[in-house]
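What follows is the content of target28.tsv, which has TSV, C-alpha atoms:
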```tsv
chain	number	residue	atom	x	y	z
U	1	MET	CA	0.00	0.00	0.00
U	2	VAL	CA	1.17	3.49	-0.78
U	3	LYS	CA	2.16	5.40	2.33
U	4	TYR	CA	0.83	8.93	2.43
U	5	TYR	CA	2.31	11.94	4.16
U	6	ILE	CA	0.84	15.26	5.22
U	7	TYR	CA	3.23	17.68	3.56
U	8	ILE	CA	4.76	20.65	5.32
U	9	SER	CA	2.74	22.80	2.94
U	10	LEU	CA	-0.28	22.29	5.23
U	11	LEU	CA	1.55	24.16	7.97
U	12	LEU	CA	2.67	26.85	5.54
U	13	PHE	CA	-0.86	27.37	4.25
U	14	SER	CA	-2.21	27.56	7.77
U	15	VAL	CA	-0.26	30.76	8.33
U	16	SER	CA	-0.68	32.23	4.85
U	17	SER	CA	-2.75	35.30	4.16
U	18	PHE	CA	-5.28	33.09	2.35
U	19	SER	CA	-6.00	30.88	5.31
U	20	GLN	CA	-6.23	33.83	7.66
U	21	THR	CA	-9.63	34.22	6.04
U	22	ALA	CA	-12.26	32.88	8.43
U	23	ARG	CA	-12.42	29.12	7.96
U	24	ASP	CA	-16.15	29.26	7.22
U	25	GLU	CA	-15.91	32.06	4.65
U	26	LEU	CA	-16.76	30.95	1.11
U	27	VAL	CA	-13.89	31.36	-1.35
U	28	PRO	CA	-13.34	30.27	-4.97
U	29	VAL	CA	-11.38	27.02	-5.01
U	30	LYS	CA	-9.20	28.07	-7.93
U	31	GLN	CA	-7.97	31.06	-5.95
U	32	LEU	CA	-5.67	28.64	-4.14
U	33	ILE	CA	-5.65	25.55	-6.40
U	34	ALA	CA	-5.16	26.88	-9.92
U	35	ASP	CA	-4.67	23.47	-11.57
U	36	ILE	CA	-7.70	21.72	-10.08
U	37	VAL	CA	-10.30	20.61	-12.64
U	38	ILE	CA	-13.80	22.03	-12.19
U	39	ASP	CA	-16.82	20.29	-13.71
U	40	LEU	CA	-19.86	21.58	-11.85
U	41	LYS	CA	-22.54	19.10	-12.85
U	42	TYR	CA	-25.35	21.31	-11.55
U	43	ASN	CA	-24.31	24.01	-13.98
U	44	THR	CA	-25.26	21.53	-16.70
U	45	THR	CA	-28.18	19.18	-17.34
U	46	ASP	CA	-25.90	16.17	-16.70
U	47	ASN	CA	-27.25	15.50	-13.20
U	48	PHE	CA	-30.12	13.65	-11.55
U	49	THR	CA	-32.53	16.60	-12.00
U	50	SER	CA	-31.76	16.96	-15.72
U	51	GLN	CA	-31.87	20.71	-15.04
U	52	LYS	CA	-29.26	23.48	-14.97
U	53	LEU	CA	-29.39	24.65	-11.35
U	54	TYR	CA	-26.35	26.95	-11.12
U	55	THR	CA	-25.39	30.15	-12.89
U	56	THR	CA	-21.63	29.80	-12.52
U	57	ASP	CA	-18.79	27.45	-13.42
U	58	GLU	CA	-16.85	28.58	-10.32
U	59	ALA	CA	-16.64	26.17	-7.39
U	60	TYR	CA	-16.72	27.68	-3.90
U	61	LEU	CA	-15.95	26.09	-0.54
U	62	ALA	CA	-15.26	27.17	3.00
U	63	SER	CA	-11.72	28.53	3.25
U	64	GLY	CA	-10.60	25.81	5.66
U	65	ALA	CA	-11.76	23.09	3.26
U	66	VAL	CA	-9.87	24.65	0.34
U	67	VAL	CA	-6.63	24.67	2.34
U	68	ARG	CA	-7.04	20.94	2.97
U	69	LEU	CA	-7.89	20.23	-0.68
U	70	LYS	CA	-4.68	21.98	-1.71
U	71	VAL	CA	-2.70	19.43	0.32
U	72	VAL	CA	-4.50	16.59	-1.50
U	73	GLN	CA	-3.85	18.15	-4.91
U	74	ASP	CA	-0.15	18.66	-4.19
U	75	SER	CA	0.14	15.11	-2.88
U	76	LEU	CA	-1.59	13.61	-5.92
U	77	LYS	CA	0.74	15.44	-8.29
U	78	ARG	CA	3.62	13.50	-6.76
U	79	ILE	CA	2.03	10.15	-7.68
U	80	LEU	CA	3.58	9.34	-11.07
U	81	THR	CA	2.64	5.66	-11.08
U	82	HIS	CA	-0.59	4.16	-9.78
U	83	ASN	CA	-1.92	0.63	-10.19
U	84	GLY	CA	0.71	-0.15	-12.81
U	85	ILE	CA	-0.08	2.91	-14.96
U	86	SER	CA	2.32	5.80	-15.54
U	87	TYR	CA	1.12	9.38	-15.06
U	88	PRO	CA	3.97	11.66	-16.22
U	89	GLN	CA	2.43	14.80	-14.72
U	90	GLY	CA	0.84	13.03	-11.77
U	91	LEU	CA	-2.78	12.87	-10.73
U	92	GLY	CA	-5.19	15.56	-9.62
U	93	LEU	CA	-8.69	16.29	-8.39
U	94	LYS	CA	-11.85	17.08	-10.31
U	95	ILE	CA	-14.68	18.85	-8.47
U	96	TYR	CA	-18.27	17.99	-9.36
U	97	ASP	CA	-19.86	20.15	-6.65
U	98	GLY	CA	-18.92	22.27	-3.67
U	99	TYR	CA	-20.96	24.99	-2.00
U	100	ARG	CA	-24.65	24.69	-2.94
U	101	PRO	CA	-27.29	27.37	-2.25
U	102	ARG	CA	-29.99	26.17	0.12
U	103	SER	CA	-32.70	27.14	-2.35
U	104	VAL	CA	-31.19	24.61	-4.78
U	105	GLN	CA	-31.32	22.02	-2.01
U	106	TYR	CA	-35.06	22.58	-1.66
U	107	LEU	CA	-35.53	22.01	-5.39
U	108	MET	CA	-33.39	18.86	-5.37
U	109	PHE	CA	-35.35	17.41	-2.44
U	110	GLU	CA	-38.63	18.19	-4.14
U	111	ILE	CA	-37.47	16.22	-7.18
U	112	PHE	CA	-35.91	13.32	-5.25
U	113	PRO	CA	-37.00	13.28	-1.58
U	114	ASN	CA	-34.68	10.51	-0.45
U	115	PRO	CA	-32.44	11.73	2.41
U	116	ILE	CA	-29.89	8.97	1.78
U	117	TYR	CA	-28.86	10.78	-1.39
U	118	VAL	CA	-30.36	14.27	-1.08
U	119	ALA	CA	-30.23	15.96	2.32
U	120	ASP	CA	-33.50	17.33	3.67
U	121	PRO	CA	-33.26	21.13	3.26
U	122	ALA	CA	-35.15	21.61	6.52
U	123	SER	CA	-31.97	20.62	8.35
U	124	GLY	CA	-29.73	21.49	5.43
U	125	SER	CA	-26.83	19.83	3.66
U	126	ILE	CA	-23.15	20.27	4.48
U	127	HIS	CA	-22.96	21.48	0.88
U	128	ASN	CA	-25.14	24.43	1.99
U	129	ARG	CA	-22.49	25.21	4.63
U	130	GLY	CA	-19.61	25.15	2.16
U	131	GLY	CA	-18.02	22.14	3.83
U	132	ALA	CA	-18.81	19.26	1.47
U	133	VAL	CA	-17.07	18.59	-1.82
U	134	ASP	CA	-17.82	16.01	-4.51
U	135	VAL	CA	-14.61	14.91	-6.20
U	136	SER	CA	-12.95	12.37	-8.46
U	137	LEU	CA	-9.43	11.75	-9.80
U	138	VAL	CA	-7.97	12.83	-13.13
U	139	ASN	CA	-4.81	12.26	-15.12
U	140	LEU	CA	-3.26	15.73	-15.07
U	141	ALA	CA	-1.54	15.18	-18.43
U	142	THR	CA	-4.80	14.51	-20.27
U	143	GLY	CA	-7.57	15.72	-17.97
U	144	GLU	CA	-9.24	12.32	-18.28
U	145	GLU	CA	-11.02	10.91	-15.26
U	146	LEU	CA	-9.80	7.68	-13.75
U	147	PRO	CA	-12.43	4.91	-13.85
U	148	MET	CA	-14.62	4.95	-10.76
U	149	PRO	CA	-17.45	2.65	-9.57
U	150	THR	CA	-20.27	4.78	-11.03
U	151	LYS	CA	-20.99	8.09	-12.60
U	152	PHE	CA	-21.55	11.06	-10.30
U	153	ASP	CA	-25.11	11.21	-8.92
U	154	HIS	CA	-25.66	7.47	-9.23
U	155	PHE	CA	-28.23	6.69	-6.55
U	156	GLY	CA	-27.72	3.03	-5.74
U	157	ILE	CA	-25.63	0.57	-3.79
U	158	GLU	CA	-22.99	0.53	-6.51
U	159	ALA	CA	-21.92	4.04	-5.43
U	160	SER	CA	-21.26	2.94	-1.85
U	161	HIS	CA	-17.76	2.67	-0.41
U	162	ASP	CA	-18.78	-0.80	0.79
U	163	TYR	CA	-19.66	-2.12	-2.68
U	164	MET	CA	-16.93	-4.53	-3.79
U	165	ASN	CA	-18.32	-6.25	-6.89
U	166	LEU	CA	-16.01	-4.18	-9.08
U	167	PRO	CA	-12.87	-4.67	-11.18
U	168	PRO	CA	-9.64	-4.39	-9.14
U	169	ASN	CA	-8.49	-1.22	-10.94
U	170	ILE	CA	-11.69	0.61	-10.02
U	171	ILE	CA	-11.44	-0.44	-6.39
U	172	ALA	CA	-7.82	0.77	-6.42
U	173	ASN	CA	-8.88	4.16	-7.78
U	174	ARG	CA	-11.67	4.57	-5.24
U	175	THR	CA	-9.29	3.56	-2.45
U	176	LEU	CA	-6.64	6.03	-3.57
U	177	LEU	CA	-9.14	8.89	-3.57
U	178	ARG	CA	-10.46	7.85	-0.16
U	179	ASP	CA	-6.99	7.53	1.37
U	180	MET	CA	-5.85	10.88	0.05
U	181	MET	CA	-8.96	12.71	1.21
U	182	THR	CA	-9.15	11.08	4.64
U	183	GLN	CA	-5.58	10.18	5.63
U	184	VAL	CA	-3.78	13.11	4.03
U	185	ALA	CA	-6.31	15.90	4.53
U	186	GLY	CA	-8.67	14.73	7.27
U	187	PHE	CA	-11.94	14.81	5.33
U	188	SER	CA	-14.60	12.26	6.24
U	189	ILE	CA	-16.47	10.01	3.84
U	190	TYR	CA	-20.18	9.63	3.20
U	191	VAL	CA	-20.50	5.87	2.89
U	192	SER	CA	-23.30	5.90	0.28
U	193	GLU	CA	-21.41	8.10	-2.21
U	194	TRP	CA	-17.80	7.43	-3.22
U	195	TRP	CA	-17.40	11.05	-4.44
U	196	HIS	CA	-18.67	12.92	-1.34
U	197	TYR	CA	-16.26	14.18	1.34
U	198	THR	CA	-16.85	16.46	4.32
U	199	TYR	CA	-14.60	18.95	6.08
U	200	ALA	CA	-15.38	18.09	9.70
U	201	PRO	CA	-15.50	21.60	11.26
U	202	SER	CA	-18.18	22.65	8.76
U	203	SER	CA	-20.99	20.84	10.57
U	204	SER	CA	-21.36	23.92	12.76
U	205	TYR	CA	-21.13	26.47	9.95
U	206	PRO	CA	-24.24	28.48	9.03
U	207	LEU	CA	-26.60	27.38	6.28
U	208	LEU	CA	-26.18	29.73	3.31
U	209	ASP	CA	-28.23	30.71	0.30
U	210	PHE	CA	-25.89	32.96	-1.66
U	211	GLN	CA	-26.56	32.77	-5.39
U	212	LEU	CA	-23.10	32.73	-6.97
U	213	ARG	CA	-22.62	34.29	-10.39
```

Mind turning the file's structure into structure tokens?
Amino acid sequence: MVKYYIYISLLLFSVSSFSQTARDELVPVKQLIADIVIDLKYNTTDNFTSQKLYTTDEAYLASGAVVRLKVVQDSLKRILTHNGISYPQGLGLKIYDGYRPRSVQYLMFEIFPNPIYVADPASGSIHNRGGAVDVSLVNLATGEELPMPTKFDHFGIEASHDYMNLPPNIIANRTLLRDMMTQVAGFSIYVSEWWHYTYAPSSSYPLLDFQLR
């Protein structure tokens, strides 16, 4: 198994002018992670609602979460070989979703009122607090996604971290993403969705409904 390290950059970022921003303040992810890939599915019709719900291609997260994601991105770039495949420029993250306005959460729940996959807006989602991020892995040289168990927004057991009826390479990719997000950066998983990770302090952040443009 690959052994992962929390790089000294985490300490450096913790004292940078960027991270002196309040940890719960929403910031654009690319402000700190310029080479991260953004593919906001809710700014397209390629999502479970089949509707375009956002008016921006910019992903936002709580400042503290972005600092942690930067550590993951920098760590992934140092992985030049994974599962027997060479990645000359390393690997990187792709973001499907980050901060989500609460009004969008209400619409999602109206369309699919299943709290396993869509949080009840009455109590709110961690996405509405800026502390949840939906991510996958990409080959930085090509921008292509690594094969994962399902597509984003697949509502079924196949998307679970516990689902093992998969080819070994896909399990290896899911495991790498999980290890990097949890062991390197301290995010927590959501067991029903391989793509969903939570920045732990955000559970106490306020629910927001800023419409980002």

Atom-to-atom span, CA of Thr198 in chain U and CA of Ile157 in chain U, Å: 19.9 Å

Distance in Å - CA of Asp35 in chain U versus CA of Tyr60 in chain U: 14.9 Å

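Atom pair CA of Phe112 in chain U / CA of Asp134 in chain U: separated by 18.3 Å.
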
Could you work out an axis-aligned box for range 40-45 of chain U, taking every atom the file lists and adding 6 Å on each side, and report centre and edge lengths in Å to one decimal, as JSON?
```
{"center_x": -24.0, "center_y": 21.6, "center_z": -14.4, "size_x": 20.3, "size_y": 16.9, "size_z": 17.8}
```

Find the residue from U:Phe210, U:Phe187, U:Trp194, U:Tyr96 that sits nearest to Ser160 in chain U; use all atoms listed in the file when measuring. U:Trp194

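Distance annotation: of U:Leu40, U:Ala185, U:Leu176, U:Val104, the residue with the minimal separation from Arg68 in chain U is U:Ala185; atom set is all atoms listed in the file.
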
Using only C-alpha atoms, determine which residues lie at most 8 Å from Val138 in chain U, disregarding the query and same-chain residues fewer than 6 positions distant; provide the list as a VMD selection string. chain U and resid 91 to 94 144 to 146

Quick one: everything within 12 Å of range 107-110 of chain U, counting only C-alpha atoms, minus sequence neighbours fewer than 3 positions away in the same chain. Send it as a PyMOL selection string. chain U and resi 42+47-54+100-104+113-125+153

Every residue with an atom at most 7 Å from (-25.5, 8.9, -0.7) (file coordinates; all atoms listed in the file) is what I'm after, so could you write them as an NGL selection string? :U and (116-117 or 155 or 190-193)

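Residues having any atom no farther than 6 Å from (-15.9, 22.7, -10.2) (counting all atoms listed in the file) are Ile38, Asp39, Leu40, Glu58, Ala59, Ile95, Tyr96 and Asp97 of chain U.
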
Under the rule that all atoms listed in the file are counted, which of U:Val135, U:Ala172, U:Leu212, U:Val71 is the nearest residue to Thr55 in chain U? U:Leu212

Tell me, as a ChimeraX atom specification, which residues lie within 10 Å of Pro167 in chain U, counting all atoms listed in the file; anything in the same chain fewer than 4 positions away does not count. /U:147-149,171-172
